[in-house]
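Student: Here's a structure for you.
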Amino acid sequence: MKALPLILASTLLAACAGQPAGETRHLEGEVFYSQRMALPPSAILSVSLQDVSLADAPAVELAGQQNPVAGQVPLAFRLDYAAAKVQPKQRYAVSARIELDGKLMFISTEQHSVRLDGSDPQPLRIKVDPVR
């Protein structure tokens with residue numbers, strides 16, 4: 001009978017060992033728009049992964065990328081985030097924007113929800129719309 005608690009304890013420790021505290025995961029995807037236009041090489045692509053669980057509070061950023069555009073659409077991105085920051089009951093989304101000289105050119109207008117449980121399709125496809 002003393003063996004049962006020992007077996008349960010060792011099983012629990014083995015399960016915990018499978019999730020390293022400092023594990024980093026990532027989301028990969030591409031940002032695109034439907035307009036027929038080229039982006040200037042000085043345009044900046046910003047993509048962020050946010051916790052959007054609280055409707056009456058600002059979103060909390062888990063990961064972000066901000067780089068000059070490399071080529072034309074689709075524009076690739078990779079967001080690395082700490083797995084320890086992901087909570088099962090929270091809601092997460094990815095957003096994107098393209099700016100030129102500090103002025104917004106394109107922004108994602110739809111919420112792109114992600115689960116962060118390994119079931120999200122990759123590459124993610126984030127559509128951005130022009131700002132007028």
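Here, A, B, ... name the chains of the structure tokens in the order displayed, residue numbers run from 1 inside each chain, and ligands are numbered from 1 in the same displayed order.
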Could you tell me, as JSON, numbers by chain, which residues of region 11-110 of chain A DSSP assigns to strand (DSSP E) when given the backbone?

Tutor: {"A": [24, 25, 26, 27, 28, 29, 30, 31, 32, 44, 45, 46, 47, 48, 49, 50, 51, 60, 61, 62, 63, 64, 65, 66, 67, 68, 75, 76, 77, 78, 79, 80, 81, 82, 92, 93, 94, 95, 96, 97, 98, 99, 100, 103, 104, 105, 106, 107]}

Student: Considering only C-alpha atoms, return as a list in words whatever protein or nucleic-acid residues lie within 8 Å of region 32-44 of chain A, sequence-local ones (same chain, fewer than 6 positions apart) excluded.

Tutor: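 Near region 32-44 of chain A, the qualifying residues are Gln66, Asn67, Pro68, Val69, Ala70, Gly71, Gln72, Val73, Pro74, Leu75, Ile98, Glu99, Leu100, Asp101, Arg125, Ile126, Lys127, Val128 and Asp129 of chain A.
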
Student: I want to know what sits within 6 Å of Val47 (chain A), based on only C-alpha atoms, with residues of the same chain fewer than 6 positions away left out; could you give that as a ChimeraX atom specification?

Tutor: /A:64-65,95-96

Student: Measuring between only C-alpha atoms, which one of A:Val31, A:Val52, A:Leu124, A:Val131 shows the shortest distance to Ala76 (chain A)?

Tutor: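 Looking at the shortest contact to Ala76 (chain A), the residue is A:Val31.
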
Student: Expressed in Å to a single decimal, how great is the separation between CA of Asp56 (chain A) and CA of Lys89 (chain A)?

Tutor: 17.0 Å

Student: May I have the residues within 7 Å of Gln122 (chain A) as a list of chain:residue names, using only C-alpha atoms and disregarding those fewer than 2 positions away in the same chain?

Tutor: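 Counting only C-alpha atoms, the residues come to A:Glu28, A:Gly29, A:Asp120, A:Leu124.
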
Student: How would the residues just picked look written out with N, CA, C and O atoms as a PDB file, in the first residue's frame?

Tutor:
ATOM      1  N   GLU A  28       4.544  31.019 -36.342  1.00  0.00           N
ATOM      2  CA  GLU A  28       5.063  31.540 -37.596  1.00  0.00           C
ATOM      3  C   GLU A  28       3.892  31.871 -38.500  1.00  0.00           C
ATOM      4  O   GLU A  28       2.833  31.250 -38.426  1.00  0.00           O
ATOM      5  N   GLY A  29       4.076  32.861 -39.333  1.00  0.00           N
ATOM      6  CA  GLY A  29       3.010  33.217 -40.240  1.00  0.00           C
ATOM      7  C   GLY A  29       3.439  34.242 -41.254  1.00  0.00           C
ATOM      8  O   GLY A  29       4.628  34.517 -41.428  1.00  0.00           O
ATOM      9  N   ASP A 120      -2.816  25.384 -33.435  1.00  0.00           N
ATOM     10  CA  ASP A 120      -2.960  26.511 -34.351  1.00  0.00           C
ATOM     11  C   ASP A 120      -2.308  26.179 -35.696  1.00  0.00           C
ATOM     12  O   ASP A 120      -1.205  25.637 -35.732  1.00  0.00           O
ATOM     13  N   LEU A 124       0.348  31.046 -39.837  1.00  0.00           N
ATOM     14  CA  LEU A 124      -0.838  31.872 -39.658  1.00  0.00           C
ATOM     15  C   LEU A 124      -0.881  32.876 -40.801  1.00  0.00           C
ATOM     16  O   LEU A 124       0.157  33.324 -41.262  1.00  0.00           O
TER      17      LEU A 124
END

Student: For Glu23 (chain A), which residue among A:Arg78, A:Lys103, A:Lys85, A:Arg115 is the nearest when counting only C-alpha atoms?

Tutor: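 When distances to Glu23 (chain A) are compared using only C-alpha atoms, the smallest one comes from A:Lys85.
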
Student: To one decimal in Å, tell me the separation between CA of Leu45 (chain A) and CA of Leu79 (chain A).

Tutor: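 That distance, rounded to one decimal, is 12.7 Å.
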
Student: Please measure the separation of CA of Gln90 (chain A) and CA of Ser53 (chain A), giving the value in Å to one decimal.

Tutor: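 Computing it gives 5.4 Å between the two atoms.
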
Student: Let me make sure I understand: among A:Ser46, A:Arg132, A:Glu61, A:Pro123, which one has the smallest atom-to-atom distance to Met105 (chain A) if we use only C-alpha atoms?

Tutor: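 Ranking A:Ser46, A:Arg132, A:Glu61, A:Pro123 by distance to Met105 (chain A), first place goes to A:Arg132.
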
Student: Kindly indicate which residue among A:Arg25, A:Leu54, A:Ala59, A:Pro130 lies nearest to Phe106 (chain A), using only C-alpha atoms for the distances.

Tutor: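 Using only C-alpha atoms, Phe106 (chain A) sits closest to A:Pro130.
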
Student: In terms of the shortest atom-to-atom distance over only C-alpha atoms, which of A:Ala55, A:Leu62, A:Val114, A:Ser48 is closest to Ala82 (chain A)?

Tutor: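 For Ala82 (chain A), the nearest of the candidates is A:Leu62.
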
Student: Assign secondary structure with DSSP using the backbone only, and return the residues of chain A in alpha helix (DSSP H) as an NGL selection string.

Tutor: :A and (3-17)

Student: Take the selection from the previous step and output its residues with N, CA and C atoms, as an mmCIF file, in the first residue's frame.

Tutor:
data_model
loop_
_atom_site.group_PDB
_atom_site.id
_atom_site.type_symbol
_atom_site.label_atom_id
_atom_site.label_comp_id
_atom_site.auth_asym_id
_atom_site.auth_seq_id
_atom_site.Cartn_x
_atom_site.Cartn_y
_atom_site.Cartn_z
ATOM 1 N N ALA A 3 3.434 1.666 -1.702
ATOM 2 C CA ALA A 3 3.966 1.846 -3.055
ATOM 3 C C ALA A 3 3.073 2.763 -3.892
ATOM 4 N N LEU A 4 1.767 2.777 -3.651
ATOM 5 C CA LEU A 4 0.850 3.584 -4.460
ATOM 6 C C LEU A 4 1.162 5.084 -4.378
ATOM 7 N N PRO A 5 1.326 5.669 -3.177
ATOM 8 C CA PRO A 5 1.685 7.093 -3.144
ATOM 9 C C PRO A 5 3.031 7.376 -3.820
ATOM 10 N N LEU A 6 3.970 6.462 -3.699
ATOM 11 C CA LEU A 6 5.271 6.636 -4.331
ATOM 12 C C LEU A 6 5.138 6.627 -5.857
ATOM 13 N N ILE A 7 4.310 5.738 -6.375
ATOM 14 C CA ILE A 7 4.087 5.666 -7.822
ATOM 15 C C ILE A 7 3.403 6.938 -8.314
ATOM 16 N N LEU A 8 2.395 7.403 -7.582
ATOM 17 C CA LEU A 8 1.695 8.626 -7.970
ATOM 18 C C LEU A 8 2.629 9.836 -7.936
ATOM 19 N N ALA A 9 3.456 9.912 -6.917
ATOM 20 C CA ALA A 9 4.387 11.029 -6.805
ATOM 21 C C ALA A 9 5.402 11.011 -7.950
ATOM 22 N N SER A 10 5.905 9.860 -8.295
ATOM 23 C CA SER A 10 6.890 9.785 -9.380
ATOM 24 C C SER A 10 6.237 10.089 -10.733
ATOM 25 N N THR A 11 4.974 9.693 -10.909
ATOM 26 C CA THR A 11 4.258 10.019 -12.148
ATOM 27 C C THR A 11 4.070 11.526 -12.271
ATOM 28 N N LEU A 12 3.704 12.181 -11.167
ATOM 29 C CA LEU A 12 3.521 13.625 -11.164
ATOM 30 C C LEU A 12 4.837 14.342 -11.472
ATOM 31 N N LEU A 13 5.921 13.907 -10.892
ATOM 32 C CA LEU A 13 7.224 14.514 -11.158
ATOM 33 C C LEU A 13 7.628 14.335 -12.616
ATOM 34 N N ALA A 14 7.345 13.174 -13.187
ATOM 35 C CA ALA A 14 7.677 12.934 -14.596
ATOM 36 C C ALA A 14 6.871 13.853 -15.502
ATOM 37 N N ALA A 15 5.607 14.073 -15.165
ATOM 38 C CA ALA A 15 4.766 14.968 -15.969
ATOM 39 C C ALA A 15 5.278 16.398 -15.900
ATOM 40 N N CYS A 16 5.686 16.828 -14.730
ATOM 41 C CA CYS A 16 6.215 18.185 -14.574
ATOM 42 C C CYS A 16 7.537 18.349 -15.318
ATOM 43 N N ALA A 17 8.329 17.312 -15.358
ATOM 44 C CA ALA A 17 9.620 17.377 -16.033
ATOM 45 C C ALA A 17 9.458 17.544 -17.532
#
